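A.B. asks: Here it is, the structure in full.
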Amino acid sequence: MIKFILNRVSRGVLQRLARWVMPLAGLFYAGRGVQCPLCGARFRRFMSYGYVEVRKNALCPRCLSLERHRLLWLWLEREGKLTEMATGNTKFLHIAPEVCLSRRFEKILPPDSYITADLESPLAKVKMDVQHIPFADGTFDVVFCNHVLEHVANDRLAMCEMHRVMRPGGWGVMLSPVDCARAGTFEDDSAVDPAERTRLFGQYDHRRVYGRDYADRLREAGFRVDEVDFFDTLTPDQQRLHALRREILYMVQNK
Ligand SMILES: [Zn+2]
């Protein structure tokens, strides 16, 4: 069911619908087995989610966080990044803003400091193409861009653009799905049919599958990249309580 909906309904419509449908869905998950660190809610378990392979215990019915958002949030908290943002007059560019994260950032940053941007999302303030970012060099202290680059035609150009608008000493988070079994990224620009892209890249609107060279692409754009294995620093109880998965957090800096 969830797979059917994700593959057939446009992202914009899903984002609008989710606001109304999800609180009702949450009633079916009442319980205390898991806790979402973003919204604080507890449930029996999280909802299932996935475009091709459906993962159980993945999506928070209240704020729509997934495993990677919860893992990232816990890392931001542990590193003191949220306090730093709230007190540091931080200028923040959030590309393709995930609703679970943007609701929290809106609470800690003033509206003129927190800029959300996307090509089509109704949740974003600025309509833009990540390959041509309409801001001056060094405008932002922080840039987030998660699960976007695998959709972009010229991802290297997008990476260079994000590096350009980040001030020296700025930092960011640039997560993408990475297949660690692959040494090199697999891409094929001739595949344009959605079914063919699903077969090759795992999702109908993906253009590539990143391999272990993903961080090197970011480095080529000028970033310093830390591949943070934060999951392994948490206890099994924490991993279970927040329903996390082992995923590498790609933290970038404009060195
Ligand atoms: Zn939540």
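Here's how to read the names in the structure tokens: chain A, B, ... by the order shown, residue numbers from 1 in each chain, ligand numbers from 1 in the order shown.
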All residues within 12 Å of ligand 1 are required, counting only C-alpha atoms and all ligand atoms; please report them as a ChimeraX atom specification.

C.D. replies: /A:22-23,26,34-43,45-47,58-67,69-70,73,98-101,103-104,242-243

A.B. asks: Can you write out as a Markdown table which residues of segment 58-147 of chain A fall within 10 Å of segment 151-157 of chain A, alongside each residue's closest atom pair and its distance in Å to one decimal, counting only C-alpha atoms and ordering rows by chain and ascending residue number?

C.D. replies:
```
| residue | atom | partner | partner_atom | distance |
| --- | --- | --- | --- | --- |
| A:Asp129 | CA | A:Val152 | CA | 9.2 |
| A:Val130 | CA | A:Val152 | CA | 8.1 |
| A:Gln131 | CA | A:Leu157 | CA | 5.7 |
| A:His132 | CA | A:Leu157 | CA | 8.3 |
| A:His147 | CA | A:His151 | CA | 7.9 |
```

A.B. asks: Residues of the last selection are to be written out with all heavy atoms, as a CSV table (one decimal), in the first residue's frame.

C.D. replies:
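Final file, again04.csv:
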```csv
chain,number,residue,atom,x,y,z
A,129,ASP,N,16.7,26.0,-8.7
A,129,ASP,CA,17.4,24.8,-9.2
A,129,ASP,C,18.8,24.8,-8.4
A,129,ASP,O,19.5,25.8,-8.5
A,129,ASP,CB,17.6,24.9,-10.7
A,129,ASP,CG,18.3,23.7,-11.3
A,129,ASP,OD1,18.9,23.0,-10.5
A,129,ASP,OD2,18.2,23.6,-12.5
A,130,VAL,N,19.1,23.7,-7.8
A,130,VAL,CA,20.3,23.5,-7.0
A,130,VAL,C,21.5,23.6,-7.9
A,130,VAL,O,22.6,23.9,-7.4
A,130,VAL,CB,20.3,22.2,-6.2
A,130,VAL,CG1,20.3,21.0,-7.1
A,130,VAL,CG2,21.4,22.2,-5.2
A,131,GLN,N,21.3,23.5,-9.2
A,131,GLN,CA,22.5,23.7,-10.2
A,131,GLN,C,22.8,25.2,-10.5
A,131,GLN,O,23.8,25.5,-11.1
A,131,GLN,CB,22.2,22.9,-11.5
A,131,GLN,CG,22.0,21.4,-11.3
A,131,GLN,CD,21.3,20.8,-12.5
A,131,GLN,OE1,21.9,20.0,-13.2
A,131,GLN,NE2,20.0,21.0,-12.6
A,132,HIS,N,21.8,26.0,-10.1
A,132,HIS,CA,22.0,27.5,-10.3
A,132,HIS,C,21.4,28.2,-9.1
A,132,HIS,O,20.3,28.7,-9.1
A,132,HIS,CB,21.3,27.9,-11.6
A,132,HIS,CG,21.7,27.2,-12.7
A,132,HIS,ND1,22.9,27.4,-13.4
A,132,HIS,CD2,21.1,26.1,-13.4
A,132,HIS,CE1,23.0,26.5,-14.4
A,132,HIS,NE2,21.9,25.7,-14.4
A,147,HIS,N,19.3,13.8,0.2
A,147,HIS,CA,18.5,13.0,-0.8
A,147,HIS,C,18.0,13.9,-1.9
A,147,HIS,O,16.8,13.8,-2.3
A,147,HIS,CB,17.4,12.2,0.0
A,147,HIS,CG,18.0,11.1,0.7
A,147,HIS,ND1,17.7,9.8,0.6
A,147,HIS,CD2,19.1,11.0,1.6
A,147,HIS,CE1,18.4,9.0,1.3
A,147,HIS,NE2,19.2,9.7,2.0
```

A.B. asks: Identify all residues of segment 59-246 of chain A in alpha helix (DSSP H) (DSSP on the backbone) and supply them as a ChimeraX atom specification.

C.D. replies: /A:67-78,81-87,99-108,155-165,194-201,214-220,236-241

A.B. asks: Using only C-alpha atoms, which residues sit within 9 Å of Gly170 of chain A once same-chain residues fewer than 5 positions away are excluded, as a count of residues only?

C.D. replies: 9

A.B. asks: Taking into account only C-alpha atoms, which residue in the set A:Ile95, A:Val54, A:Val173, A:Ile133 is nearest to Thr116 of chain A?

C.D. replies: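 Nearest candidate to Thr116 of chain A out of A:Ile95, A:Val54, A:Val173, A:Ile133: A:Ile95.
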
A.B. asks: Report as an mmCIF file with N, CA, C and O atoms, in the first residue's frame all protein, DNA and RNA residues lying within 9 Å of segment 207-219 of chain A, evaluated on only C-alpha atoms, omitting residues in the same chain fewer than 6 positions from it.

C.D. replies:
```
data_model
loop_
_atom_site.group_PDB
_atom_site.id
_atom_site.type_symbol
_atom_site.label_atom_id
_atom_site.label_comp_id
_atom_site.auth_asym_id
_atom_site.auth_seq_id
_atom_site.Cartn_x
_atom_site.Cartn_y
_atom_site.Cartn_z
ATOM 1 N N LEU A 149 20.795 15.013 -4.516
ATOM 2 C CA LEU A 149 21.809 14.923 -5.576
ATOM 3 C C LEU A 149 21.617 13.718 -6.497
ATOM 4 O O LEU A 149 21.973 13.784 -7.679
ATOM 5 N N GLU A 150 21.006 12.653 -5.975
ATOM 6 C CA GLU A 150 20.771 11.472 -6.829
ATOM 7 C C GLU A 150 19.681 11.739 -7.871
ATOM 8 O O GLU A 150 19.500 10.972 -8.803
ATOM 9 N N HIS A 151 18.935 12.878 -7.709
ATOM 10 C CA HIS A 151 17.882 13.256 -8.662
ATOM 11 C C HIS A 151 18.362 14.282 -9.688
ATOM 12 O O HIS A 151 17.647 14.586 -10.640
ATOM 13 N N VAL A 152 19.526 14.888 -9.449
ATOM 14 C CA VAL A 152 19.951 16.067 -10.219
ATOM 15 C C VAL A 152 20.775 15.656 -11.437
ATOM 16 O O VAL A 152 21.662 14.811 -11.334
ATOM 17 N N ALA A 153 20.491 16.300 -12.588
ATOM 18 C CA ALA A 153 21.188 15.936 -13.825
ATOM 19 C C ALA A 153 22.698 16.123 -13.674
ATOM 20 O O ALA A 153 23.478 15.213 -13.902
ATOM 21 N N ASP A 155 25.061 16.654 -10.935
ATOM 22 C CA ASP A 155 25.258 16.717 -9.476
ATOM 23 C C ASP A 155 26.570 17.401 -9.108
ATOM 24 O O ASP A 155 26.673 18.033 -8.066
ATOM 25 N N ARG A 156 27.583 17.300 -9.989
ATOM 26 C CA ARG A 156 28.867 17.958 -9.683
ATOM 27 C C ARG A 156 28.706 19.481 -9.688
ATOM 28 O O ARG A 156 29.276 20.177 -8.856
ATOM 29 N N MET A 159 26.958 20.450 -6.471
ATOM 30 C CA MET A 159 27.901 20.438 -5.343
ATOM 31 C C MET A 159 28.759 21.703 -5.353
ATOM 32 O O MET A 159 28.992 22.317 -4.308
ATOM 33 N N CYS A 160 29.236 22.105 -6.539
ATOM 34 C CA CYS A 160 30.052 23.327 -6.661
ATOM 35 C C CYS A 160 29.239 24.556 -6.262
ATOM 36 O O CYS A 160 29.765 25.475 -5.611
ATOM 37 N N MET A 174 25.137 16.722 3.697
ATOM 38 C CA MET A 174 24.741 16.343 2.335
ATOM 39 C C MET A 174 24.620 14.829 2.236
ATOM 40 O O MET A 174 25.533 14.137 1.816
ATOM 41 N N SER A 176 23.102 11.355 0.799
ATOM 42 C CA SER A 176 22.523 10.742 -0.399
ATOM 43 C C SER A 176 22.507 9.246 -0.157
ATOM 44 O O SER A 176 23.302 8.745 0.624
ATOM 45 N N PRO A 177 21.619 8.518 -0.828
ATOM 46 C CA PRO A 177 21.705 7.064 -0.703
ATOM 47 C C PRO A 177 22.999 6.577 -1.342
ATOM 48 O O PRO A 177 23.297 6.940 -2.484
ATOM 49 N N VAL A 178 23.783 5.825 -0.597
ATOM 50 C CA VAL A 178 25.063 5.320 -1.094
ATOM 51 C C VAL A 178 25.058 3.794 -0.974
ATOM 52 O O VAL A 178 24.722 3.260 0.076
ATOM 53 N N ASP A 179 25.388 3.136 -2.067
ATOM 54 C CA ASP A 179 25.507 1.682 -2.060
ATOM 55 C C ASP A 179 26.969 1.348 -1.780
ATOM 56 O O ASP A 179 27.821 1.431 -2.670
ATOM 57 N N CYS A 180 27.243 0.973 -0.542
ATOM 58 C CA CYS A 180 28.636 0.756 -0.128
ATOM 59 C C CYS A 180 29.254 -0.478 -0.789
ATOM 60 O O CYS A 180 30.472 -0.664 -0.743
ATOM 61 N N ALA A 181 28.426 -1.305 -1.426
ATOM 62 C CA ALA A 181 28.964 -2.466 -2.135
ATOM 63 C C ALA A 181 29.607 -2.041 -3.464
ATOM 64 O O ALA A 181 30.360 -2.803 -4.069
ATOM 65 N N ARG A 182 29.306 -0.837 -3.920
ATOM 66 C CA ARG A 182 29.884 -0.339 -5.172
ATOM 67 C C ARG A 182 31.082 0.551 -4.879
ATOM 68 O O ARG A 182 30.971 1.464 -4.069
ATOM 69 N N ALA A 183 32.177 0.325 -5.613
ATOM 70 C CA ALA A 183 33.337 1.209 -5.463
ATOM 71 C C ALA A 183 33.017 2.552 -6.127
ATOM 72 O O ALA A 183 33.216 3.609 -5.547
ATOM 73 N N GLY A 184 32.501 2.480 -7.352
ATOM 74 C CA GLY A 184 32.255 3.706 -8.115
ATOM 75 C C GLY A 184 30.772 3.946 -8.331
ATOM 76 O O GLY A 184 29.969 3.009 -8.343
ATOM 77 N N THR A 185 30.419 5.209 -8.504
ATOM 78 C CA THR A 185 29.031 5.594 -8.776
ATOM 79 C C THR A 185 28.597 5.060 -10.139
ATOM 80 O O THR A 185 29.367 5.107 -11.102
ATOM 81 N N PHE A 186 27.371 4.558 -10.192
ATOM 82 C CA PHE A 186 26.826 4.057 -11.448
ATOM 83 C C PHE A 186 25.793 5.047 -11.966
ATOM 84 O O PHE A 186 24.836 5.388 -11.270
ATOM 85 N N GLU A 187 25.995 5.557 -13.182
ATOM 86 C CA GLU A 187 25.007 6.453 -13.785
ATOM 87 C C GLU A 187 24.914 6.177 -15.278
ATOM 88 O O GLU A 187 25.856 5.712 -15.887
ATOM 89 N N ASP A 188 23.734 6.445 -15.803
ATOM 90 C CA ASP A 188 23.501 6.194 -17.219
ATOM 91 C C ASP A 188 22.453 7.203 -17.690
ATOM 92 O O ASP A 188 21.273 7.045 -17.435
ATOM 93 N N ASP A 189 22.935 8.263 -18.338
ATOM 94 C CA ASP A 189 22.048 9.362 -18.742
ATOM 95 C C ASP A 189 21.042 8.949 -19.814
ATOM 96 O O ASP A 189 20.067 9.658 -20.046
ATOM 97 N N ALA A 191 19.091 6.429 -19.630
ATOM 98 C CA ALA A 191 17.890 5.865 -18.990
ATOM 99 C C ALA A 191 16.974 7.013 -18.567
ATOM 100 O O ALA A 191 17.303 7.780 -17.671
ATOM 101 N N VAL A 192 15.840 7.153 -19.234
ATOM 102 C CA VAL A 192 14.905 8.238 -18.904
ATOM 103 C C VAL A 192 13.516 7.707 -18.529
ATOM 104 O O VAL A 192 12.734 8.405 -17.904
ATOM 105 N N ARG A 197 14.505 3.429 -14.872
ATOM 106 C CA ARG A 197 15.279 4.043 -13.773
ATOM 107 C C ARG A 197 15.085 3.261 -12.473
ATOM 108 O O ARG A 197 16.029 3.099 -11.694
ATOM 109 N N LEU A 200 17.310 0.233 -12.766
ATOM 110 C CA LEU A 200 18.747 0.518 -12.710
ATOM 111 C C LEU A 200 19.176 1.174 -11.399
ATOM 112 O O LEU A 200 20.205 0.840 -10.839
ATOM 113 N N PHE A 201 18.356 2.149 -10.946
ATOM 114 C CA PHE A 201 18.814 3.013 -9.841
ATOM 115 C C PHE A 201 17.997 2.853 -8.570
ATOM 116 O O PHE A 201 18.266 3.526 -7.576
ATOM 117 N N VAL A 225 35.280 16.694 3.825
ATOM 118 C CA VAL A 225 34.163 15.784 4.114
ATOM 119 C C VAL A 225 34.523 14.854 5.262
ATOM 120 O O VAL A 225 35.598 14.244 5.260
ATOM 121 N N ASP A 226 33.657 14.776 6.255
ATOM 122 C CA ASP A 226 33.782 13.776 7.316
ATOM 123 C C ASP A 226 32.681 12.754 7.126
ATOM 124 O O ASP A 226 31.507 13.123 7.055
ATOM 125 N N GLU A 227 33.070 11.495 7.048
ATOM 126 C CA GLU A 227 32.083 10.412 6.945
ATOM 127 C C GLU A 227 31.855 9.885 8.354
ATOM 128 O O GLU A 227 32.660 9.121 8.873
ATOM 129 N N TYR A 250 27.204 12.294 6.043
ATOM 130 C CA TYR A 250 28.222 13.030 5.271
ATOM 131 C C TYR A 250 28.176 14.495 5.677
ATOM 132 O O TYR A 250 27.273 15.238 5.287
ATOM 133 N N VAL A 252 29.932 18.128 5.666
ATOM 134 C CA VAL A 252 30.892 18.858 4.827
ATOM 135 C C VAL A 252 31.252 20.197 5.470
ATOM 136 O O VAL A 252 30.501 20.753 6.261
#
```

A.B. asks: Got a sec: who's within 7 Å of segment 244-246 of chain A, counting only C-alpha atoms, leaving out chain neighbours fewer than 5 positions off, as number ranges by chain?

C.D. replies: A: 67, 71, 231, 239

A.B. asks: Restrict the selected residues to N, CA, C and O atoms and save them as a PDB file, in the first residue's frame.

C.D. replies:
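Result went into again.pdb, see below:
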```pdb
ATOM      1  N   GLU A  67      14.443   7.131   9.589  1.00  0.00           N
ATOM      2  CA  GLU A  67      15.618   6.730  10.379  1.00  0.00           C
ATOM      3  C   GLU A  67      16.741   7.756  10.258  1.00  0.00           C
ATOM      4  O   GLU A  67      17.376   8.132  11.238  1.00  0.00           O
ATOM      5  N   LEU A  71      18.570   9.949  13.183  1.00  0.00           N
ATOM      6  CA  LEU A  71      20.008   9.794  13.424  1.00  0.00           C
ATOM      7  C   LEU A  71      20.717  11.140  13.333  1.00  0.00           C
ATOM      8  O   LEU A  71      21.529  11.492  14.189  1.00  0.00           O
ATOM      9  N   PHE A 231      25.908   6.054  14.139  1.00  0.00           N
ATOM     10  CA  PHE A 231      25.059   4.939  14.598  1.00  0.00           C
ATOM     11  C   PHE A 231      25.832   4.031  15.556  1.00  0.00           C
ATOM     12  O   PHE A 231      25.314   3.617  16.591  1.00  0.00           O
ATOM     13  N   GLN A 239      19.506   2.706  19.753  1.00  0.00           N
ATOM     14  CA  GLN A 239      19.238   2.373  18.340  1.00  0.00           C
ATOM     15  C   GLN A 239      17.820   1.838  18.183  1.00  0.00           C
ATOM     16  O   GLN A 239      17.122   2.179  17.231  1.00  0.00           O
TER      17      GLN A 239
END
```

A.B. asks: Report, in Å to a single decimal, how far apart atom CA of Met85 of chain A and atom CA of His163 of chain A are.

C.D. replies: 19.2 Å

A.B. asks: When DSSP works through the backbone of this structure, what residues of segment 38-228 of chain A end up as strand (DSSP E), shown as a PyMOL selection string?

C.D. replies: chain A and resi 42-43+47-49+55-59+92-95+114-118+126-127+140-145+166-173+186-187+208-209+224-228

A.B. asks: Here is a test: counting only C-alpha atoms, which residue of A:Phe28, A:Ala117, A:Arg240, A:Gly88 is nearest to Cys145 of chain A?

C.D. replies: A:Ala117

A.B. asks: Neighbouring residues of Glu84 of chain A were defined as those with any atom within 12 Å, considering only C-alpha atoms; residues of the same chain fewer than 6 positions away were excluded. Please report them as an MDAnalysis selection string.

C.D. replies: chainID A and resid 76:78 90:91 108:109 141:142
